[in-house]
file input21.txt (compact mmCIF, C-alpha atoms)
# COMPACT_ATOMS: atom_id res chain seq x y z
CA MET A 119 -69.95 37.29 55.43
CA GLN A 120 -68.91 38.49 51.98
CA PRO A 121 -67.06 35.74 50.08
CA GLU A 122 -64.42 36.96 47.66
CA GLN A 123 -63.34 35.00 44.60
CA PHE A 124 -59.90 33.46 45.02
CA THR A 125 -57.30 32.42 42.48
CA ILE A 126 -54.16 30.49 43.43
CA ALA A 127 -51.13 32.48 42.28
CA ILE A 128 -47.86 31.54 43.95
CA PRO A 129 -45.25 34.19 43.07
CA ASP A 130 -42.37 33.14 40.81
CA GLU A 131 -39.95 34.28 43.50
CA ARG A 132 -41.49 31.87 46.01
CA LEU A 133 -41.28 28.95 43.60
CA ALA A 134 -37.65 29.78 42.83
CA ALA A 135 -36.80 29.92 46.54
CA ILE A 136 -38.40 26.51 47.11
CA ARG A 137 -36.47 24.99 44.23
CA THR A 138 -33.19 26.41 45.52
CA LYS A 139 -33.77 24.80 48.92
CA VAL A 140 -34.71 21.46 47.38
CA GLU A 141 -31.59 21.50 45.21
CA ALA A 142 -29.40 22.35 48.21
CA PHE A 143 -30.62 19.53 50.44
CA GLU A 144 -27.66 17.65 51.94
CA TRP A 145 -28.40 14.00 51.23
CA ASP A 146 -24.99 12.93 52.48
CA ALA A 147 -26.05 13.90 56.00
CA PHE A 148 -28.53 11.01 56.09
CA PRO A 149 -27.23 7.46 56.39
CA ASP A 150 -30.06 4.96 56.16
CA ALA A 151 -31.34 3.95 59.61
CA GLY A 152 -33.34 1.00 58.33
CA GLY A 153 -35.59 2.10 55.49
CA TRP A 154 -39.30 2.36 56.15
CA ARG A 155 -38.96 0.56 59.48
CA SER A 156 -37.29 3.68 60.91
CA GLY A 157 -39.34 6.36 59.19
CA VAL A 158 -39.61 7.51 55.61
CA GLY A 159 -37.77 5.35 53.11
CA LEU A 160 -34.89 7.39 51.71
CA ALA A 161 -35.01 5.67 48.32
CA ASP A 162 -38.66 6.62 47.84
CA LEU A 163 -38.01 10.14 49.11
CA ARG A 164 -35.13 10.53 46.65
CA ARG A 165 -37.39 9.34 43.85
CA LEU A 166 -39.98 11.96 44.77
CA VAL A 167 -37.39 14.75 45.02
CA ARG A 168 -35.83 13.81 41.66
CA HIS A 169 -39.26 14.11 40.10
CA TRP A 170 -39.75 17.44 41.88
CA LEU A 171 -36.58 18.84 40.31
CA ASP A 172 -36.69 17.18 36.89
CA ARG A 173 -40.33 16.85 35.84
CA TYR A 174 -42.79 18.47 38.23
CA ASP A 175 -44.45 21.72 37.09
CA TRP A 176 -46.45 23.48 39.80
CA ARG A 177 -47.98 25.90 37.29
CA VAL A 178 -49.73 23.04 35.48
CA HIS A 179 -51.43 21.92 38.67
CA GLU A 180 -52.10 25.45 39.87
CA GLN A 181 -53.93 26.13 36.60
CA ARG A 182 -55.94 22.93 36.98
CA LEU A 183 -56.92 23.67 40.60
CA ASN A 184 -57.99 27.16 39.55
CA ARG A 185 -60.75 25.60 37.46
CA LEU A 186 -62.49 24.95 40.77
CA PRO A 187 -64.62 27.89 41.99
CA GLN A 188 -62.66 29.10 45.01
CA PHE A 189 -63.39 31.78 47.57
CA THR A 190 -62.15 33.26 50.81
CA ALA A 191 -64.26 34.75 53.59
CA THR A 192 -63.84 35.83 57.19
CA VAL A 193 -65.91 33.63 59.51
CA LEU A 194 -65.98 34.30 63.26
CA GLY A 195 -62.71 36.17 62.91
CA GLU A 196 -60.91 33.47 60.88
CA ARG A 197 -60.08 33.72 57.18
CA LEU A 198 -61.23 30.57 55.40
CA HIS A 199 -60.43 29.35 51.91
CA PHE A 200 -63.02 27.10 50.31
CA VAL A 201 -64.33 25.65 47.09
CA HIS A 202 -68.01 26.31 46.47
CA ALA A 203 -69.41 24.58 43.39
CA ARG A 204 -73.11 24.96 42.72
CA GLY A 205 -75.57 22.21 41.87
CA ASP A 206 -79.15 22.75 40.80
CA GLY A 207 -80.43 22.80 44.39
CA SER A 208 -82.34 19.53 44.10
CA ARG A 209 -80.19 17.89 46.80
CA PRO A 210 -78.97 19.29 50.13
CA PRO A 211 -75.72 21.24 50.39
CA LEU A 212 -72.69 19.05 51.09
CA LEU A 213 -69.64 19.88 53.20
CA LEU A 214 -66.52 17.80 52.40
CA LEU A 215 -63.79 17.84 55.07
CA HIS A 216 -60.16 16.79 54.68
CA GLY A 217 -57.57 16.05 57.37
CA TRP A 218 -53.81 16.00 57.91
CA PRO A 219 -51.62 15.54 55.91
CA GLY A 220 -54.24 15.97 53.21
CA SER A 221 -55.81 19.03 51.64
CA PHE A 222 -58.82 20.19 49.65
CA LEU A 223 -57.08 18.49 46.71
CA GLU A 224 -58.45 15.16 47.98
CA PHE A 225 -61.95 16.08 46.80
CA GLU A 226 -61.02 17.66 43.47
CA HIS A 227 -62.60 14.88 41.41
CA PHE A 228 -65.68 14.62 43.64
CA VAL A 229 -66.94 18.10 42.84
CA ALA A 230 -68.26 17.51 39.31
CA PRO A 231 -70.22 14.29 39.98
CA LEU A 232 -71.71 15.59 43.22
CA THR A 233 -72.81 18.90 41.72
CA ALA A 234 -74.29 16.89 38.83
CA ASP A 235 -76.29 15.01 41.48
CA GLY A 236 -77.76 18.36 42.54
CA HIS A 237 -75.64 19.23 45.60
CA ASP A 238 -73.96 22.52 46.26
CA VAL A 239 -70.48 21.27 47.24
CA VAL A 240 -68.32 23.16 49.75
CA VAL A 241 -64.73 22.04 50.36
CA PRO A 242 -62.90 24.23 52.88
CA SER A 243 -59.21 24.24 53.72
CA LEU A 244 -58.90 23.75 57.47
CA PRO A 245 -57.74 26.81 59.43
CA GLY A 246 -53.99 27.11 59.06
CA TYR A 247 -53.95 24.90 55.94
CA ALA A 248 -53.24 25.83 52.31
CA PHE A 249 -54.85 29.22 51.63
CA SER A 250 -56.93 29.59 54.78
CA GLY A 251 -55.66 32.13 57.27
CA ARG A 252 -53.35 31.39 60.17
CA PRO A 253 -55.10 31.30 63.56
CA GLU A 254 -53.54 33.49 66.22
CA ALA A 255 -53.26 30.43 68.46
CA PRO A 256 -53.92 26.69 68.07
CA ILE A 257 -57.58 25.75 67.73
CA GLY A 258 -59.01 22.24 67.89
CA PRO A 259 -61.62 20.29 65.92
CA ARG A 260 -64.56 21.45 68.03
CA ARG A 261 -63.77 25.10 67.32
CA VAL A 262 -63.21 24.28 63.64
CA ALA A 263 -66.64 22.62 63.59
CA GLU A 264 -68.12 25.87 64.87
CA LEU A 265 -66.38 27.83 62.10
CA PHE A 266 -67.62 25.48 59.40
CA HIS A 267 -71.13 25.46 60.79
CA ARG A 268 -71.20 29.25 60.59
CA LEU A 269 -69.75 29.10 57.06
CA MET A 270 -72.60 26.83 55.96
CA VAL A 271 -75.21 28.98 57.70
CA ASP A 272 -73.82 32.09 56.02
CA LEU A 273 -73.88 30.38 52.63
CA PHE A 274 -77.23 28.57 52.87
CA GLY A 275 -79.22 30.22 55.64
CA GLY A 276 -81.19 27.67 57.63
CA ALA A 277 -80.92 24.85 55.09
CA ARG A 278 -79.80 21.55 56.59
CA PHE A 279 -76.69 20.09 55.05
CA LEU A 280 -74.71 16.87 54.69
CA VAL A 281 -71.17 16.31 55.95
CA GLN A 282 -68.47 13.89 54.81
CA GLY A 283 -65.07 13.52 56.44
CA GLY A 284 -62.08 11.37 57.21
CA ASP A 285 -59.13 11.96 59.55
CA TRP A 286 -59.62 15.43 61.10
CA GLY A 287 -62.65 15.81 58.85
CA ALA A 288 -64.27 12.93 60.73
CA SER A 289 -63.54 14.56 64.09
CA ILE A 290 -64.79 17.94 62.92
CA GLY A 291 -67.89 16.34 61.43
CA GLY A 292 -68.52 14.46 64.68
CA TRP A 293 -68.34 17.66 66.73
CA LEU A 294 -70.53 19.45 64.22
CA GLY A 295 -73.13 16.72 64.69
CA HIS A 296 -72.75 16.95 68.46
CA ASP A 297 -73.05 20.73 68.75
CA HIS A 298 -75.43 21.43 65.83
CA PRO A 299 -77.54 18.31 65.24
CA ASP A 300 -80.45 20.31 63.87
CA SER A 301 -78.29 21.71 61.07
CA CYS A 302 -76.76 18.40 60.02
CA LEU A 303 -78.99 16.21 57.87
CA GLY A 304 -76.51 13.35 57.72
CA LEU A 305 -72.94 12.51 58.59
CA HIS A 306 -70.81 10.24 56.38
CA LEU A 307 -67.46 9.10 57.81
CA ASN A 308 -64.57 7.05 56.50
CA MET A 309 -62.93 7.09 59.93
CA ILE A 310 -64.32 7.12 63.46
CA GLY A 311 -62.41 10.10 64.79
CA VAL A 312 -64.16 10.75 68.10
CA GLN A 313 -66.07 8.46 70.44
CA THR A 314 -67.92 9.10 73.68
CA GLU A 315 -65.84 9.04 76.81
CA ASP A 316 -67.63 6.03 78.26
CA ALA A 317 -67.76 3.93 75.05
CA GLU A 318 -65.75 1.08 76.54
CA PRO A 319 -65.04 -2.03 74.43
CA GLU A 320 -67.08 -4.96 75.77
CA THR A 321 -67.35 -7.81 73.27
CA PRO A 322 -64.37 -9.95 72.23
CA ALA A 323 -64.33 -8.26 68.82
CA GLU A 324 -64.39 -4.80 70.39
CA ARG A 325 -61.61 -5.64 72.83
CA SER A 326 -59.51 -7.17 70.06
CA TRP A 327 -59.90 -4.00 68.01
CA ALA A 328 -58.95 -1.80 71.00
CA GLU A 329 -55.85 -3.91 71.67
CA ARG A 330 -54.81 -3.68 68.03
CA ARG A 331 -55.29 0.09 68.00
CA ALA A 332 -53.13 0.39 71.12
CA GLU A 333 -50.38 -1.75 69.55
CA LEU A 334 -50.37 0.39 66.43
CA ALA A 335 -50.35 3.63 68.43
CA GLU A 336 -47.22 2.48 70.24
CA VAL A 337 -45.20 2.63 67.01
CA GLU A 338 -47.23 4.99 64.82
CA ALA A 339 -48.38 7.85 67.06
CA GLY A 340 -45.09 9.68 67.59
CA TYR A 341 -46.00 12.33 65.02
CA SER A 342 -49.32 13.01 66.79
CA HIS A 343 -47.69 13.39 70.19
CA GLU A 344 -45.09 15.78 68.80
CA GLN A 345 -47.66 17.86 66.92
CA GLY A 346 -49.99 17.87 69.91
CA THR A 347 -47.37 18.90 72.47
CA ARG A 348 -44.49 20.68 70.69
CA PRO A 349 -45.71 21.91 67.29
CA GLN A 350 -43.69 25.08 67.56
CA THR A 351 -40.36 23.28 67.78
CA LEU A 352 -41.31 21.00 64.91
CA GLY A 353 -42.37 24.05 62.91
CA VAL A 354 -38.99 25.72 63.31
CA GLY A 355 -37.32 22.65 61.86
CA MET A 356 -39.74 22.36 58.95
CA ALA A 357 -40.32 26.00 58.01
CA ASP A 358 -37.11 26.27 55.99
CA SER A 359 -36.96 22.72 54.59
CA PRO A 360 -39.25 21.72 51.72
CA VAL A 361 -37.60 18.29 51.64
CA GLY A 362 -38.21 17.95 55.38
CA VAL A 363 -41.92 18.67 54.87
CA ALA A 364 -42.00 16.21 51.97
CA ALA A 365 -40.42 13.49 54.14
CA TRP A 366 -42.78 14.11 57.06
CA ILE A 367 -45.82 13.86 54.79
CA LEU A 368 -44.56 11.07 52.51
CA GLU A 369 -43.99 8.83 55.54
CA LYS A 370 -47.71 9.01 56.34
CA PHE A 371 -48.80 8.23 52.80
CA GLY A 372 -46.48 5.22 52.84
CA ALA A 373 -47.56 3.99 56.28
CA TRP A 374 -51.29 4.73 56.11
CA ALA A 375 -52.22 3.73 52.57
CA ASP A 376 -53.56 0.26 51.75
CA VAL A 377 -50.71 -0.88 49.50
CA PRO A 378 -48.61 -4.05 49.26
CA ARG A 379 -45.43 -4.23 51.34
CA ILE A 380 -42.30 -6.18 50.52
CA GLU A 381 -40.24 -8.11 53.04
CA ASP A 382 -38.25 -5.16 54.43
CA GLY A 383 -41.49 -3.28 55.12
CA ARG A 384 -41.24 -0.96 52.14
CA PRO A 385 -44.70 0.10 50.90
CA ASP A 386 -45.35 0.08 47.18
CA LEU A 387 -46.89 3.52 47.49
CA TRP A 388 -46.43 4.23 43.76
CA GLN A 389 -49.14 1.65 43.13
CA ALA A 390 -51.67 3.99 44.76
CA PHE A 391 -50.20 7.45 44.10
CA ASP A 392 -48.21 9.16 41.38
CA GLU A 393 -45.46 11.67 42.04
CA ASP A 394 -47.39 14.66 40.70
CA LEU A 395 -50.33 14.00 43.01
CA LEU A 396 -48.12 13.66 46.09
CA LEU A 397 -46.07 16.73 45.21
CA THR A 398 -49.11 18.90 44.58
CA ASN A 399 -50.48 17.97 47.99
CA ILE A 400 -47.06 18.67 49.54
CA MET A 401 -46.82 22.00 47.71
CA LEU A 402 -50.13 23.05 49.28
CA TYR A 403 -48.19 22.96 52.56
CA VAL A 404 -44.88 24.34 51.27
CA ALA A 405 -45.82 27.07 48.78
CA PRO A 406 -48.13 29.07 51.09
CA SER A 407 -45.93 28.28 54.13
CA SER A 408 -48.79 26.53 55.89
CA PHE A 409 -47.09 23.41 57.25
CA VAL A 410 -46.32 25.04 60.60
CA THR A 411 -49.91 26.01 61.39
CA SER A 412 -51.38 22.85 59.88
CA THR A 413 -50.10 20.92 62.91
CA TRP A 414 -51.73 23.29 65.39
CA ILE A 415 -55.03 21.42 65.35
CA TYR A 416 -53.31 18.60 67.27
CA ARG A 417 -52.30 21.07 69.96
CA GLY A 418 -55.73 22.68 69.83
CA ARG A 419 -57.45 19.36 70.52
CA ARG A 420 -55.48 19.01 73.74
CA LEU A 421 -56.15 22.58 74.79
CA GLU A 422 -59.90 22.41 74.20
CA GLY A 423 -60.27 18.85 75.54
CA SER A 424 -62.08 17.51 72.49
CA VAL A 425 -60.52 14.06 72.23
CA ALA A 426 -63.86 12.46 73.22
CA PHE A 427 -67.53 13.37 73.42
CA PRO A 428 -68.82 13.81 76.99
CA ALA A 429 -69.84 10.61 78.76
CA GLY A 430 -73.49 9.72 78.34
CA THR A 431 -73.91 11.51 75.00
CA ARG A 432 -74.54 10.07 71.55
CA ILE A 433 -74.55 11.76 68.17
CA ARG A 434 -78.16 11.68 67.03
CA VAL A 435 -77.47 12.75 63.46
CA PRO A 436 -78.02 9.81 61.06
CA THR A 437 -74.56 8.47 60.31
CA GLY A 438 -73.10 6.37 57.51
CA VAL A 439 -69.69 4.72 57.72
CA ALA A 440 -67.42 3.56 54.90
CA ALA A 441 -65.13 1.20 56.83
CA PHE A 442 -61.97 1.01 54.76
CA PRO A 443 -59.19 -1.34 56.01
CA ASP A 444 -56.92 1.46 57.22
CA PRO A 445 -53.63 -0.21 58.22
CA VAL A 446 -52.86 2.23 61.06
CA PHE A 447 -56.33 3.41 62.14
CA PRO A 448 -58.43 0.26 61.66
CA PRO A 449 -62.17 0.85 61.88
CA PRO A 450 -63.91 -0.38 65.03
CA PRO A 451 -66.60 -3.03 64.91
CA ARG A 452 -69.96 -1.51 64.09
CA SER A 453 -71.18 -2.34 67.61
CA GLN A 454 -68.40 -0.17 69.06
CA ALA A 455 -69.14 2.76 66.76
CA GLU A 456 -72.86 2.56 67.56
CA LYS A 457 -72.14 3.49 71.17
CA SER A 458 -71.30 6.99 69.94
CA TYR A 459 -73.22 7.44 66.66
CA ASP A 460 -76.70 6.75 65.25
CA ILE A 461 -75.43 4.52 62.48
CA ILE A 462 -77.98 3.70 59.79
CA HIS A 463 -75.54 2.72 57.03
CA TRP A 464 -72.33 0.67 57.29
CA THR A 465 -70.16 -0.64 54.47
CA ALA A 466 -67.12 -2.85 55.12
CA LEU A 467 -64.82 -2.30 52.15
CA GLU A 468 -62.08 -4.71 51.12
CA ARG A 469 -59.63 -2.19 49.65
CA GLY A 470 -58.55 1.33 50.55
CA GLY A 471 -56.66 2.89 53.41
CA HIS A 472 -56.52 6.16 55.29
CA PHE A 473 -56.59 8.35 52.17
CA ALA A 474 -59.77 6.84 50.80
CA ALA A 475 -60.68 9.84 48.64
CA LEU A 476 -57.38 9.45 46.77
CA GLU A 477 -56.90 5.68 46.98
CA GLN A 478 -60.43 4.51 46.18
CA PRO A 479 -62.39 7.56 44.98
CA ASP A 480 -65.05 5.57 43.11
CA ARG A 481 -65.77 3.35 46.11
CA LEU A 482 -65.96 6.31 48.49
CA LEU A 483 -68.18 8.28 46.12
CA GLY A 484 -70.45 5.28 45.62
CA ASP A 485 -70.82 4.76 49.34
CA MET A 486 -71.59 8.43 49.91
CA ARG A 487 -74.31 8.29 47.27
CA ALA A 488 -75.79 5.11 48.75
CA PHE A 489 -75.94 6.71 52.19
CA PHE A 490 -77.43 9.96 50.90
CA ALA A 491 -80.12 7.92 49.11
CA VAL A 492 -81.16 6.38 52.44
CA LEU A 493 -81.77 9.89 53.79
CA ARG A 494 -84.24 10.87 51.07
call {"tool": "encode", "arguments": {"input": "input21.txt", "output": "structure tokens"}}
result
Amino acid sequence: MQPEQFTIAIPDERLAAIRTKVEAFEWDAFPDAGGWRSGVGLADLRRLVRHWLDRYDWRVHEQRLNRLPQFTATVLGERLHFVHARGDGSRPPLLLLHGWPGSFLEFEHFVAPLTADGHDVVVPSLPGYAFSGRPEAPIGPRRVAELFHRLMVDLFGGARFLVQGGDWGASIGGWLGHDHPDSCLGLHLNMIGVQTEDAEPETPAERSWAERRAELAEVEAGYSHEQGTRPQTLGVGMADSPVGVAAWILEKFGAWADVPRIEDGRPDLWQAFDEDLLLTNIMLYVAPSSFVTSTWIYRGRRLEGSVAFPAGTRIRVPTGVAAFPDPVFPPPPRSQAEKSYDIIHWTALERGGHFAALEQPDRLLGDMRAFFAVLR
């Protein structure tokens, strides 16, 4: 593998085309079906789009992101984009893994403190996301784990490394620990993405959690079913609509973040996120035309059968969990998680939702450091 330095440089023509489509969006075609109870809140979406047209400057954020040391490399036939910031080598290499609808942007402010701690920090874009290449066909989290394992081996030889992940990053990290336990020194999760097939809830607390997860899935999992079964049709609808992509992603930030909600169900998402942050994350899907293939991992999981670890197995990599009160994917009781993972560190946090790295970066960073200290 020969990494090549990478600089983000979206052509002016591409930015102009995006702006034209945003300006031309037909708002009159959308009567309100019930605010956030029926999907994305149109008032909040309009606010975001007004900011996009009136105040947002992609070039400012592109320049800032380019301060991160970025590379591309071909790994097992897939082109990967990744940040690789170097520490002094006193601590193990660290792999930070994002999910959907996030991006490598989530870890932007983690790089400096973690390299100062001594870690080499690697933050890849998942295959099909941002500036990574487009897979020829959908691939799932187990295959992605194999790609990232090889990336780390190519970068660091036989050195064992640490992994942190939430959302798909948690699933990928889990499979990395399952398939390559000797390479993984420790696994830090802010979501339990995969469990063993036979990890049945047994205690009252475990059964209550499972019932709550099922209730939430009934109303919140439509996006996952669509992306896991018909991503191509969804992609056709989204490929030519920057506002459509913004709505699809904004809905998840509103529904999954730990923010106050008023009586009609509207989330006060501006308490946790500012418009520039949300738009930069959205632009990492829109500008490189990566939204379509970003959803393929859902289809890939079905195709490769990686929704659960095989019955009778348990991840033997030492695992730490930052259990944030995710409103849609609530963390299981520790006893439930221990059926699948060797948990040596568990922190129940009072604030922070699904996007912990953006919502509560200091708390997540502090918990990572506390877990890594246990591994010394």
call {"tool": "atom_distance", "arguments": {"input": "input21.txt", "atom1": "atom CA of Gln350 of chain A", "atom2": "atom CA of Pro406 of chain A"}}
result
17.5 Å
call {"tool": "closest_residue", "arguments": {"input": "input21.txt", "among": "A:Gln188, A:Phe222, A:Gly362, A:Ala328", "to": "Trp145 of chain A", "atoms": "only C-alpha atoms"}}
result
A:Gly362
call {"tool": "residues_around", "arguments": {"input": "input21.txt", "residues": "segment 147-155 of chain A", "least_positions_apart": "6", "cutoff": "12 Å", "atoms": "all atoms listed in the file", "output": "list in words"}}
result
Ala161, Asp162, Leu163, Arg164, Val337, Glu338, Gly362, Ala365, Leu368, Glu369, Lys370, Phe371, Gly372, Ala373, Arg379, Ile380, Glu381, Asp382, Gly383, Arg384, Pro385, Asp386 and Leu387 of chain A
call {"tool": "closest_residue", "arguments": {"input": "input21.txt", "among": "A:Leu244, A:Ala429, A:Leu483, A:Val492", "to": "Phe409 of chain A", "atoms": "all atoms listed in the file"}}
result
A:Leu244
call {"tool": "residues_around", "arguments": {"input": "input21.txt", "residues": "Leu194 of chain A", "least_positions_apart": "2", "cutoff": "9 Å", "atoms": "all atoms listed in the file", "output": "NGL selection string"}}
result
:A and (192 or 196-197 or 264-265 or 268-269)
call {"tool": "residues_near_point", "arguments": {"input": "input21.txt", "point": "(-73.2, 21.8, 43.1)", "cutoff": "10 Å", "atoms": "all atoms listed in the file", "output": "PyMOL selection string"}}
result
chain A and resi 202-212+229-240
call {"tool": "closest_residue", "arguments": {"input": "input21.txt", "among": "A:Leu273, A:Leu171, A:Ala357, A:Val140", "to": "Phe200 of chain A", "atoms": "all atoms listed in the file"}}
result
A:Leu273
call {"tool": "closest_residue", "arguments": {"input": "input21.txt", "among": "A:Glu226, A:Ala440, A:Pro253, A:His343", "to": "His179 of chain A", "atoms": "all atoms listed in the file"}}
result
A:Glu226
call {"tool": "residues_near_point", "arguments": {"input": "input21.txt", "point": "(-72.7, 2.0, 57.7)", "cutoff": "8 Å", "atoms": "only C-alpha atoms", "output": "number ranges by chain"}}
result
A: 437-441, 452, 461-466, 489
call {"tool": "closest_atom_pairs", "arguments": {"input": "input21.txt", "of": "segment 383-450 of chain A", "to": "segment 286-292 of chain A", "cutoff": "9 Å", "atoms": "only C-alpha atoms", "output": "JSON lines"}}
result
{"residue": "A:Ile415", "atom": "CA", "partner": "A:Trp286", "partner_atom": "CA", "distance": 8.7}
{"residue": "A:Val425", "atom": "CA", "partner": "A:Ser289", "partner_atom": "CA", "distance": 8.7}
{"residue": "A:Phe427", "atom": "CA", "partner": "A:Gly292", "partner_atom": "CA", "distance": 8.9}
{"residue": "A:Ile433", "atom": "CA", "partner": "A:Gly292", "partner_atom": "CA", "distance": 7.5}
call {"tool": "write_last_selection", "arguments": {"input": "input21.txt", "atoms": "C-alpha atoms", "output": "mmCIF file, in the coordinates of the input"}}
result
data_model
loop_
_atom_site.group_PDB
_atom_site.id
_atom_site.type_symbol
_atom_site.label_atom_id
_atom_site.label_comp_id
_atom_site.auth_asym_id
_atom_site.auth_seq_id
_atom_site.Cartn_x
_atom_site.Cartn_y
_atom_site.Cartn_z
ATOM 1 C CA ILE A 415 -55.030 21.420 65.350
ATOM 2 C CA VAL A 425 -60.520 14.060 72.230
ATOM 3 C CA PHE A 427 -67.530 13.370 73.420
ATOM 4 C CA ILE A 433 -74.550 11.760 68.170
#
call {"tool": "atom_distance", "arguments": {"input": "input21.txt", "atom1": "atom CA of Tyr459 of chain A", "atom2": "atom CA of Leu493 of chain A"}}
result
15.6 Å
call {"tool": "atom_distance", "arguments": {"input": "input21.txt", "atom1": "atom CA of Ala375 of chain A", "atom2": "atom CA of Ala474 of chain A"}}
result
8.4 Å
call {"tool": "closest_residue", "arguments": {"input": "input21.txt", "among": "A:Ala455, A:Val446, A:Gln120, A:Arg487", "to": "Glu336 of chain A", "atoms": "all atoms listed in the file"}}
result
A:Val446
call {"tool": "residues_around", "arguments": {"input": "input21.txt", "residues": "Glu224 of chain A", "least_positions_apart": "2", "cutoff": "9 Å", "atoms": "only C-alpha atoms", "output": "list in words"}}
result
His216, Gly220, Ser221, Phe222, Glu226, His227, Phe228, Asn399, Phe473, Ala474, Ala475 and Leu476 of chain A
call {"tool": "closest_residue", "arguments": {"input": "input21.txt", "among": "A:Thr413, A:Arg165, A:Glu180, A:Arg252", "to": "Met401 of chain A", "atoms": "all atoms listed in the file"}}
result
A:Glu180
call {"tool": "residues_around", "arguments": {"input": "input21.txt", "residues": "Gly304 of chain A", "least_positions_apart": "5", "cutoff": "6 Å", "atoms": "all atoms listed in the file", "output": "list in words"}}
result
Leu280, Val435, Pro436 and Thr437 of chain A
call {"tool": "decode", "arguments": {"input": "input21.txt", "residues": "segment 170-181 of chain A", "atoms": "N, CA and C atoms", "output": "JSON list (two decimals), in the first residue's frame"}}
result
[["chain", "number", "residue", "atom", "x", "y", "z"],
["A", 170, "TRP", "N", -27.89, 27.84, 4.38],
["A", 170, "TRP", "CA", -27.11, 27.29, 3.28],
["A", 170, "TRP", "C", -26.96, 28.34, 2.16],
["A", 171, "LEU", "N", -28.04, 29.00, 1.82],
["A", 171, "LEU", "CA", -28.03, 29.95, 0.71],
["A", 171, "LEU", "C", -27.48, 31.32, 1.10],
["A", 172, "ASP", "N", -27.71, 31.74, 2.34],
["A", 172, "ASP", "CA", -27.39, 33.12, 2.73],
["A", 172, "ASP", "C", -26.06, 33.29, 3.44],
["A", 173, "ARG", "N", -25.64, 32.28, 4.20],
["A", 173, "ARG", "CA", -24.46, 32.49, 5.06],
["A", 173, "ARG", "C", -23.40, 31.40, 4.98],
["A", 174, "TYR", "N", -23.75, 30.22, 4.53],
["A", 174, "TYR", "CA", -22.79, 29.11, 4.58],
["A", 174, "TYR", "C", -21.73, 29.25, 3.48],
["A", 175, "ASP", "N", -20.48, 29.02, 3.85],
["A", 175, "ASP", "CA", -19.36, 29.10, 2.90],
["A", 175, "ASP", "C", -18.57, 27.79, 2.98],
["A", 176, "TRP", "N", -18.79, 26.91, 2.02],
["A", 176, "TRP", "CA", -18.08, 25.62, 2.01],
["A", 176, "TRP", "C", -16.58, 25.81, 2.02],
["A", 177, "ARG", "N", -16.07, 26.79, 1.30],
["A", 177, "ARG", "CA", -14.62, 26.96, 1.18],
["A", 177, "ARG", "C", -13.96, 27.19, 2.54],
["A", 178, "VAL", "N", -14.64, 27.87, 3.44],
["A", 178, "VAL", "CA", -14.10, 28.08, 4.78],
["A", 178, "VAL", "C", -13.89, 26.75, 5.49],
["A", 179, "HIS", "N", -14.87, 25.87, 5.38],
["A", 179, "HIS", "CA", -14.79, 24.59, 6.08],
["A", 179, "HIS", "C", -13.88, 23.61, 5.35],
["A", 180, "GLU", "N", -13.86, 23.69, 4.04],
["A", 180, "GLU", "CA", -12.92, 22.89, 3.26],
["A", 180, "GLU", "C", -11.48, 23.21, 3.66],
["A", 181, "GLN", "N", -11.19, 24.51, 3.78],
["A", 181, "GLN", "CA", -9.84, 24.93, 4.18],
["A", 181, "GLN", "C", -9.50, 24.43, 5.58]]
